[in-house]
file my_file38.txt (compact mmCIF, C-alpha atoms and all ligand atoms)
# COMPACT_ATOMS: atom_id res chain seq x y z
CA MET T 1 72.52 200.09 162.24
CA ARG T 2 70.66 197.08 160.86
CA LYS T 3 72.55 194.69 158.62
CA THR T 4 70.67 193.75 155.45
CA LEU T 5 69.48 190.14 155.33
CA VAL T 6 68.59 188.36 152.09
CA VAL T 7 66.89 184.98 152.38
CA GLY T 8 66.20 182.68 149.44
CA ASN T 9 63.00 180.69 149.84
CA TRP T 10 63.36 177.89 147.32
CA LYS T 11 59.80 176.65 147.97
CA MET T 12 59.17 173.18 146.44
CA ASN T 13 61.92 173.41 143.84
CA GLY T 14 65.16 171.64 143.13
CA SER T 15 66.87 168.29 143.18
CA LYS T 16 70.18 167.03 144.54
CA ALA T 17 71.88 167.98 141.28
CA GLN T 18 70.27 171.42 141.18
CA THR T 19 71.12 172.12 144.83
CA GLU T 20 74.75 171.28 144.18
CA ALA T 21 74.90 173.39 141.00
CA LEU T 22 73.06 176.40 142.46
CA LEU T 23 75.11 176.56 145.64
CA SER T 24 78.49 176.05 143.99
CA GLU T 25 77.67 178.77 141.50
CA LEU T 26 76.44 181.04 144.28
CA LEU T 27 79.46 180.50 146.53
CA ALA T 28 81.75 181.36 143.63
CA LEU T 29 79.97 184.74 143.38
CA GLY T 30 80.22 185.64 147.12
CA PRO T 31 81.00 186.88 149.68
CA TRP T 32 78.49 189.66 150.32
CA SER T 33 78.33 192.52 152.79
CA SER T 34 74.74 191.54 153.68
CA ASP T 35 73.74 188.46 155.64
CA VAL T 36 72.62 185.71 153.25
CA ALA T 37 70.60 182.54 153.87
CA VAL T 38 68.75 179.90 151.86
CA CYS T 39 65.75 177.79 152.82
CA PRO T 40 65.69 174.60 150.71
CA PRO T 41 63.09 171.84 150.76
CA LEU T 42 63.88 169.74 153.86
CA PRO T 43 65.19 166.60 152.09
CA TYR T 44 68.09 168.74 150.90
CA LEU T 45 68.93 170.27 154.27
CA ALA T 46 71.83 167.94 155.04
CA GLN T 47 73.26 168.49 151.58
CA VAL T 48 72.92 172.25 151.97
CA GLN T 49 74.59 172.07 155.37
CA ALA T 50 77.53 170.15 153.91
CA LEU T 51 77.89 172.61 151.02
CA LEU T 52 77.51 175.81 153.06
CA GLN T 53 79.30 174.94 156.31
CA GLY T 54 82.01 177.53 156.89
CA SER T 55 80.95 179.67 153.91
CA GLY T 56 79.19 182.37 155.90
CA VAL T 57 75.92 181.66 154.08
CA MET T 58 73.25 180.43 156.52
CA TRP T 59 70.34 178.06 155.95
CA GLY T 60 66.95 177.27 157.39
CA GLY T 61 63.58 175.56 157.01
CA GLN T 62 60.59 176.86 155.07
CA ASP T 63 58.36 175.88 157.98
CA VAL T 64 58.68 174.29 161.43
CA SER T 65 56.40 172.36 163.74
CA ALA T 66 54.70 174.04 166.67
CA HIS T 67 55.54 170.84 168.62
CA ASN T 68 58.92 170.59 170.28
CA GLY T 69 61.49 167.83 170.20
CA GLN T 70 60.09 164.45 169.15
CA GLY T 71 56.65 162.89 169.06
CA ALA T 72 53.76 161.35 167.18
CA TYR T 73 53.22 164.19 164.69
CA THR T 74 53.33 162.58 161.26
CA GLY T 75 54.86 164.80 158.63
CA GLU T 76 56.11 167.42 161.07
CA VAL T 77 59.72 168.55 161.55
CA SER T 78 60.67 170.15 164.87
CA ALA T 79 62.97 173.07 165.54
CA THR T 80 65.24 170.63 167.39
CA MET T 81 65.69 168.73 164.13
CA LEU T 82 66.43 171.90 162.17
CA LYS T 83 69.00 172.76 164.82
CA ASP T 84 70.51 169.28 164.43
CA PHE T 85 71.31 170.26 160.83
CA GLY T 86 72.85 173.59 161.79
CA ALA T 87 69.90 175.71 160.64
CA THR T 88 69.74 179.35 161.72
CA TYR T 89 66.25 180.26 160.47
CA ALA T 90 62.74 178.89 159.99
CA ILE T 91 60.15 180.70 157.90
CA VAL T 92 56.75 180.64 159.62
CA GLY T 93 53.37 181.80 158.37
CA HIS T 94 54.26 182.07 154.70
CA SER T 95 51.10 182.93 152.79
CA GLU T 96 51.36 179.64 150.91
CA ARG T 97 51.20 177.79 154.27
CA ARG T 98 48.30 179.98 155.37
CA THR T 99 46.44 179.37 152.09
CA TYR T 100 47.15 175.72 151.27
CA HIS T 101 47.51 174.40 154.82
CA ALA T 102 44.94 176.55 156.59
CA GLU T 103 47.51 177.91 159.05
CA ASN T 104 46.04 180.64 161.24
CA ASP T 105 47.67 183.41 163.25
CA GLN T 106 47.66 181.35 166.45
CA LEU T 107 49.41 178.38 164.84
CA VAL T 108 51.96 180.66 163.22
CA ALA T 109 52.64 182.30 166.59
CA ALA T 110 53.05 178.87 168.21
CA LYS T 111 55.53 177.86 165.50
CA ALA T 112 57.52 181.04 166.07
CA LYS T 113 57.60 180.29 169.79
CA ALA T 114 58.70 176.68 169.26
CA ALA T 115 61.50 177.83 166.93
CA LEU T 116 62.82 180.47 169.33
CA ALA T 117 62.78 177.99 172.20
CA GLN T 118 65.34 175.90 170.29
CA GLY T 119 67.48 178.83 169.19
CA ILE T 120 66.10 178.94 165.66
CA VAL T 121 65.24 182.45 164.46
CA PRO T 122 61.71 182.51 163.07
CA ILE T 123 61.04 184.62 159.99
CA VAL T 124 57.43 185.60 160.66
CA CYS T 125 55.57 186.36 157.43
CA VAL T 126 52.64 188.73 157.18
CA GLY T 127 50.81 190.11 154.18
CA GLU T 128 47.45 191.07 152.75
CA THR T 129 45.64 189.71 149.71
CA ARG T 130 44.74 191.90 146.78
CA ALA T 131 41.10 192.04 147.91
CA GLU T 132 42.17 193.07 151.41
CA ARG T 133 44.37 195.85 150.01
CA GLU T 134 41.65 197.09 147.69
CA ALA T 135 39.21 197.17 150.62
CA GLY T 136 41.69 199.31 152.57
CA HIS T 137 42.39 196.58 155.13
CA THR T 138 46.15 196.18 154.63
CA ASP T 139 47.16 197.58 158.02
CA ALA T 140 44.43 195.77 159.91
CA VAL T 141 45.43 192.43 158.38
CA VAL T 142 49.18 192.65 158.85
CA GLN T 143 48.82 194.10 162.36
CA ARG T 144 46.48 191.27 163.34
CA GLN T 145 48.97 188.71 161.98
CA LEU T 146 51.95 190.31 163.71
CA GLY T 147 49.93 190.98 166.86
CA ALA T 148 49.38 187.25 167.37
CA ALA T 149 53.15 186.66 167.34
CA ILE T 150 53.75 189.60 169.69
CA ARG T 151 51.18 188.27 172.18
CA SER T 152 52.69 184.78 172.04
CA LEU T 153 56.35 185.86 172.33
CA GLY T 154 56.15 188.97 174.51
CA ALA T 155 59.44 190.87 174.59
CA ARG T 156 61.13 187.97 172.77
CA ILE T 157 59.44 189.27 169.62
CA GLY T 158 62.62 191.36 169.40
CA GLU T 159 64.53 188.19 168.45
CA VAL T 160 62.53 187.36 165.32
CA VAL T 161 62.81 188.54 161.73
CA VAL T 162 59.58 189.86 160.21
CA ALA T 163 58.82 189.53 156.50
CA TYR T 164 56.15 191.62 154.80
CA GLU T 165 54.98 189.72 151.75
CA PRO T 166 51.88 191.14 150.08
CA VAL T 167 50.12 188.05 148.74
CA TRP T 168 49.28 189.81 145.46
CA ALA T 169 52.99 190.37 144.80
CA ILE T 170 54.16 186.78 145.34
CA GLY T 171 55.18 185.06 142.13
CA THR T 172 53.06 187.47 140.09
CA GLY T 173 55.71 189.87 138.81
CA LEU T 174 53.76 192.64 140.58
CA THR T 175 55.92 194.31 143.21
CA ALA T 176 54.80 196.72 145.88
CA THR T 177 56.35 200.08 145.07
CA PRO T 178 59.17 201.02 147.43
CA GLU T 179 56.80 203.65 148.91
CA GLN T 180 53.94 201.16 149.41
CA ALA T 181 56.26 198.68 151.06
CA GLN T 182 58.01 201.31 153.21
CA ALA T 183 54.65 202.58 154.49
CA VAL T 184 53.69 199.10 155.71
CA HIS T 185 57.16 198.40 157.12
CA ALA T 186 57.15 201.68 159.08
CA ARG T 187 53.81 200.82 160.67
CA LEU T 188 54.95 197.28 161.48
CA ARG T 189 58.02 198.73 163.18
CA GLN T 190 55.80 201.08 165.21
CA GLN T 191 53.77 198.08 166.32
CA LEU T 192 56.95 196.20 167.26
CA LEU T 193 58.36 199.24 169.09
CA ALA T 194 55.28 199.29 171.29
CA ALA T 195 56.25 195.75 172.39
CA THR T 196 60.02 196.13 172.72
CA PRO T 197 62.67 198.82 172.24
CA ALA T 198 64.70 196.11 170.47
CA ALA T 199 62.40 196.69 167.48
CA ALA T 200 64.72 199.50 166.40
CA GLN T 201 67.31 196.79 165.62
CA MET T 202 64.90 194.21 164.15
CA ARG T 203 65.04 193.30 160.51
CA ILE T 204 61.84 193.63 158.52
CA LEU T 205 62.24 192.00 155.11
CA TYR T 206 60.17 192.63 152.00
CA GLY T 207 59.11 189.73 149.79
CA GLY T 208 57.10 189.51 146.58
CA SER T 209 58.66 189.55 143.11
CA VAL T 210 61.98 190.99 144.27
CA LYS T 211 64.32 190.93 141.26
CA PRO T 212 67.80 192.31 140.50
CA ASP T 213 66.24 195.38 138.89
CA ASN T 214 63.99 196.42 141.79
CA ALA T 215 65.92 195.20 144.86
CA ALA T 216 68.15 198.27 145.32
CA GLN T 217 65.20 200.69 145.38
CA LEU T 218 63.30 198.53 147.86
CA PHE T 219 66.28 197.96 150.15
CA ALA T 220 67.07 201.70 150.10
CA GLN T 221 63.88 202.40 152.09
CA PRO T 222 64.55 203.24 155.74
CA ASP T 223 62.49 200.39 157.19
CA ILE T 224 63.22 197.71 154.58
CA ASP T 225 66.12 195.64 155.87
CA GLY T 226 66.44 193.06 153.12
CA GLY T 227 64.33 190.56 151.26
CA LEU T 228 62.69 187.17 151.23
CA ILE T 229 63.23 185.98 147.69
CA GLY T 230 61.30 183.27 145.83
CA GLY T 231 61.77 182.78 142.10
CA ALA T 232 64.93 184.89 141.80
CA ALA T 233 66.63 182.80 144.52
CA LEU T 234 66.73 179.84 142.12
CA LYS T 235 69.16 181.55 139.76
CA ALA T 236 72.61 182.18 141.25
CA SER T 237 73.35 185.32 139.22
CA ASP T 238 69.98 186.91 140.13
CA PHE T 239 70.26 186.00 143.80
CA ASP T 240 73.83 187.33 143.88
CA ALA T 241 72.69 190.62 142.32
CA ILE T 242 69.94 190.95 144.95
CA CYS T 243 72.41 190.19 147.76
CA ARG T 244 74.55 193.07 146.45
CA ALA T 245 71.64 195.51 146.02
P1 LIG T 301 58.62 185.50 144.59
O1 LIG T 301 59.93 186.21 144.83
O2 LIG T 301 58.74 184.36 143.63
O3 LIG T 301 57.53 186.45 144.28
O4 LIG T 301 58.22 184.81 145.99
C1 LIG T 301 58.26 185.57 147.14
C2 LIG T 301 58.09 184.68 148.31
O5 LIG T 301 57.02 184.13 148.53
C3 LIG T 301 59.25 184.44 149.17
O6 LIG T 301 58.89 183.78 150.34
call {"tool": "encode", "arguments": {"input": "my_file38.txt", "output": "structure tokens", "more": "lines below"}}
Ligand code: 13P
result
Amino acid sequence: MRKTLVVGNWKMNGSKAQTEALLSELLALGPWSSDVAVCPPLPYLAQVQALLQGSGVMWGGQDVSAHNGQGAYTGEVSATMLKDFGATYAIVGHSERRTYHAENDQLVAAKAKAALAQGIVPIVCVGETRAEREAGHTDAVVQRQLGAAIRSLGARIGEVVVAYEPVWAIGTGLTATPEQAQAVHARLRQQLLAATPAAAQMRILYGGSVKPDNAAQLFAQPDIDGGLIGGAALKASDFDAICRA
């Protein structure tokens, strides 16, 4: 039995005051029967740690360096540093990183490996663009993206969380139908099962315009084990409703 996981990806949003307000409001609405985590912008990680410590809500980074420990990598933050702030998760390969920072499958796989090596659970994102879906390439694209992580991690792929985020559904208000998402999730799980029997227990999250009114239907699908939430994670009442879906 897989426990639902709901992760809020705050992206580049917030302030100290907003972090404080959002998390106090959210904690007043919990607890939840699903696992819950938030990924704030890194300057707020220490604040989030202080606010969430002992609450049962976990936290993580929106990205992580492929380089371990310390070193001359300007602008990078290592998994060791995330660990230092009590983080559980690091999102890797979000489509916004792939698009705006030219991250490729190999770099994403290296980031996932660096995270796991420090005991941080990578949330490996895959997803096709609208053009790729219309051309009938959805499976080829997501399987190529996931395949790179599988090759890099071997059987340890069983320790990651996978997130399917169709690029055309992110921040657009367009959501994959539960059936569209389930079809992709089922094939991703088949691909994972070929690498490790642990895939039966792995969580595959859906992301892309998840809202309180569509979350329950999505999460009811057999291979959808929770969500990676953008916009709706910035409003405590919406995020709470999704965590309960
Ligand atoms: P939205 O929920 O705003 O569509 O964002 C999804 C996402 O990219 C989460 O990582």
call {"tool": "closest_atom_pairs", "arguments": {"input": "my_file38.txt", "of": "segment 141-201 of chain T", "to": "segment 103-118 of chain T", "cutoff": "7 Å", "atoms": "all atoms listed in the file", "output": "JSON lines"}}
result
{"residue": "T:Gln145", "atom": "CA", "partner": "T:Asp105", "partner_atom": "CA", "distance": 5.6}
{"residue": "T:Ala148", "atom": "CA", "partner": "T:Asp105", "partner_atom": "CA", "distance": 5.9}
{"residue": "T:Ala149", "atom": "CA", "partner": "T:Ala109", "partner_atom": "CA", "distance": 4.5}
{"residue": "T:Ser152", "atom": "CA", "partner": "T:Ala109", "partner_atom": "CA", "distance": 6.0}
{"residue": "T:Leu153", "atom": "CA", "partner": "T:Lys113", "partner_atom": "CA", "distance": 6.2}
call {"tool": "residues_near_ligand", "arguments": {"input": "my_file38.txt", "ligand": "ligand LIG 301 (chain T)", "cutoff": "8 Å", "atoms": "only C-alpha atoms and all ligand atoms", "output": "list in words"}}
result
Gly8, Asn9, Trp10, Lys11, His94, Ser95, Glu96, Glu165, Val167, Ala169, Ile170, Gly171, Thr172, Gly173, Gly207, Gly208, Ser209, Val210, Lys211, Leu228, Ile229, Gly230, Gly231, Ala232 and Ala233 of chain T
call {"tool": "residues_around", "arguments": {"input": "my_file38.txt", "residues": "segment 38-49 of chain T", "least_positions_apart": "3", "cutoff": "9 Å", "atoms": "all atoms listed in the file", "output": "NGL selection string"}}
result
:T and (6-16 or 19-20 or 23 or 52-53 or 57-62 or 77 or 82 or 85-87 or 89-91 or 233)
call {"tool": "axis_aligned_box", "arguments": {"input": "my_file38.txt", "around": "segment 62-65 of chain T", "padding_each_side": "3 Å", "output": "AutoDock Vina command-line options"}}
result
--center_x 58.5 --center_y 174.6 --center_z 159.4 --size_x 10.2 --size_y 10.5 --size_z 14.7
call {"tool": "atom_distance", "arguments": {"input": "my_file38.txt", "atom1": "atom CA of Asp223 of chain T", "atom2": "atom CA of Ile120 of chain T"}}
result
23.3 Å
call {"tool": "closest_residue", "arguments": {"input": "my_file38.txt", "among": "T:Val184, T:Val162, T:Ile157, T:Ala17", "to": "Glu128 of chain T", "atoms": "all atoms listed in the file"}}
result
T:Val184
call {"tool": "atom_distance", "arguments": {"input": "my_file38.txt", "atom1": "atom CA of Gly158 of chain T", "atom2": "atom CA of Asn68 of chain T"}}
result
21.1 Å
call {"tool": "decode", "arguments": {"input": "my_file38.txt", "residues": "segment 102-121 of chain T", "atoms": "N, CA, C and O atoms", "output": "compact mmCIF listing (two decimals), in the first residue's frame"}}
result
# COMPACT_ATOMS: atom_id res chain seq x y z
N ALA T 102 18.58 24.89 -19.24
CA ALA T 102 19.14 23.93 -20.18
C ALA T 102 19.61 22.64 -19.51
O ALA T 102 20.63 22.08 -19.87
N GLU T 103 18.86 22.18 -18.50
CA GLU T 103 19.26 20.93 -17.84
C GLU T 103 18.84 19.75 -18.72
O GLU T 103 17.69 19.68 -19.16
N ASN T 104 19.79 18.84 -18.95
CA ASN T 104 19.44 17.67 -19.76
C ASN T 104 19.27 16.43 -18.87
O ASN T 104 19.48 16.47 -17.66
N ASP T 105 18.88 15.33 -19.51
CA ASP T 105 18.59 14.10 -18.76
C ASP T 105 19.79 13.63 -17.95
O ASP T 105 19.63 13.12 -16.85
N GLN T 106 20.99 13.80 -18.50
CA GLN T 106 22.19 13.31 -17.81
C GLN T 106 22.44 14.14 -16.55
O GLN T 106 22.79 13.60 -15.50
N LEU T 107 22.29 15.46 -16.67
CA LEU T 107 22.50 16.31 -15.49
C LEU T 107 21.45 16.00 -14.42
O LEU T 107 21.77 15.89 -13.22
N VAL T 108 20.23 15.83 -14.85
CA VAL T 108 19.15 15.53 -13.90
C VAL T 108 19.44 14.21 -13.18
O VAL T 108 19.29 14.10 -11.96
N ALA T 109 19.92 13.24 -13.93
CA ALA T 109 20.27 11.93 -13.34
C ALA T 109 21.41 12.10 -12.34
O ALA T 109 21.41 11.49 -11.26
N ALA T 110 22.38 12.93 -12.68
CA ALA T 110 23.53 13.15 -11.78
C ALA T 110 23.07 13.85 -10.50
O ALA T 110 23.56 13.56 -9.40
N LYS T 111 22.12 14.77 -10.63
CA LYS T 111 21.58 15.45 -9.45
C LYS T 111 20.84 14.45 -8.56
O LYS T 111 20.97 14.50 -7.33
N ALA T 112 20.08 13.58 -9.18
CA ALA T 112 19.34 12.57 -8.39
C ALA T 112 20.33 11.69 -7.63
O ALA T 112 20.13 11.37 -6.45
N LYS T 113 21.43 11.34 -8.29
CA LYS T 113 22.43 10.48 -7.66
C LYS T 113 23.12 11.20 -6.50
O LYS T 113 23.32 10.62 -5.42
N ALA T 114 23.44 12.47 -6.71
CA ALA T 114 24.09 13.25 -5.65
C ALA T 114 23.17 13.39 -4.44
O ALA T 114 23.61 13.31 -3.29
N ALA T 115 21.89 13.59 -4.69
CA ALA T 115 20.92 13.72 -3.59
C ALA T 115 20.85 12.42 -2.79
O ALA T 115 21.02 12.43 -1.57
N LEU T 116 20.65 11.32 -3.49
CA LEU T 116 20.52 10.02 -2.81
C LEU T 116 21.75 9.70 -1.98
O LEU T 116 21.63 9.15 -0.88
N ALA T 117 22.91 10.07 -2.50
CA ALA T 117 24.17 9.76 -1.81
C ALA T 117 24.22 10.44 -0.44
O ALA T 117 24.92 9.99 0.46
N GLN T 118 23.47 11.53 -0.28
CA GLN T 118 23.46 12.25 1.01
C GLN T 118 22.17 11.98 1.79
O GLN T 118 21.86 12.70 2.74
N GLY T 119 21.40 11.02 1.35
CA GLY T 119 20.18 10.69 2.08
C GLY T 119 19.03 11.65 1.83
O GLY T 119 18.08 11.72 2.60
N ILE T 120 19.12 12.40 0.73
CA ILE T 120 18.01 13.26 0.32
C ILE T 120 17.23 12.51 -0.76
O ILE T 120 17.84 11.98 -1.70
N VAL T 121 15.92 12.47 -0.64
CA VAL T 121 15.12 11.74 -1.64
C VAL T 121 14.86 12.65 -2.84
O VAL T 121 14.20 13.69 -2.70
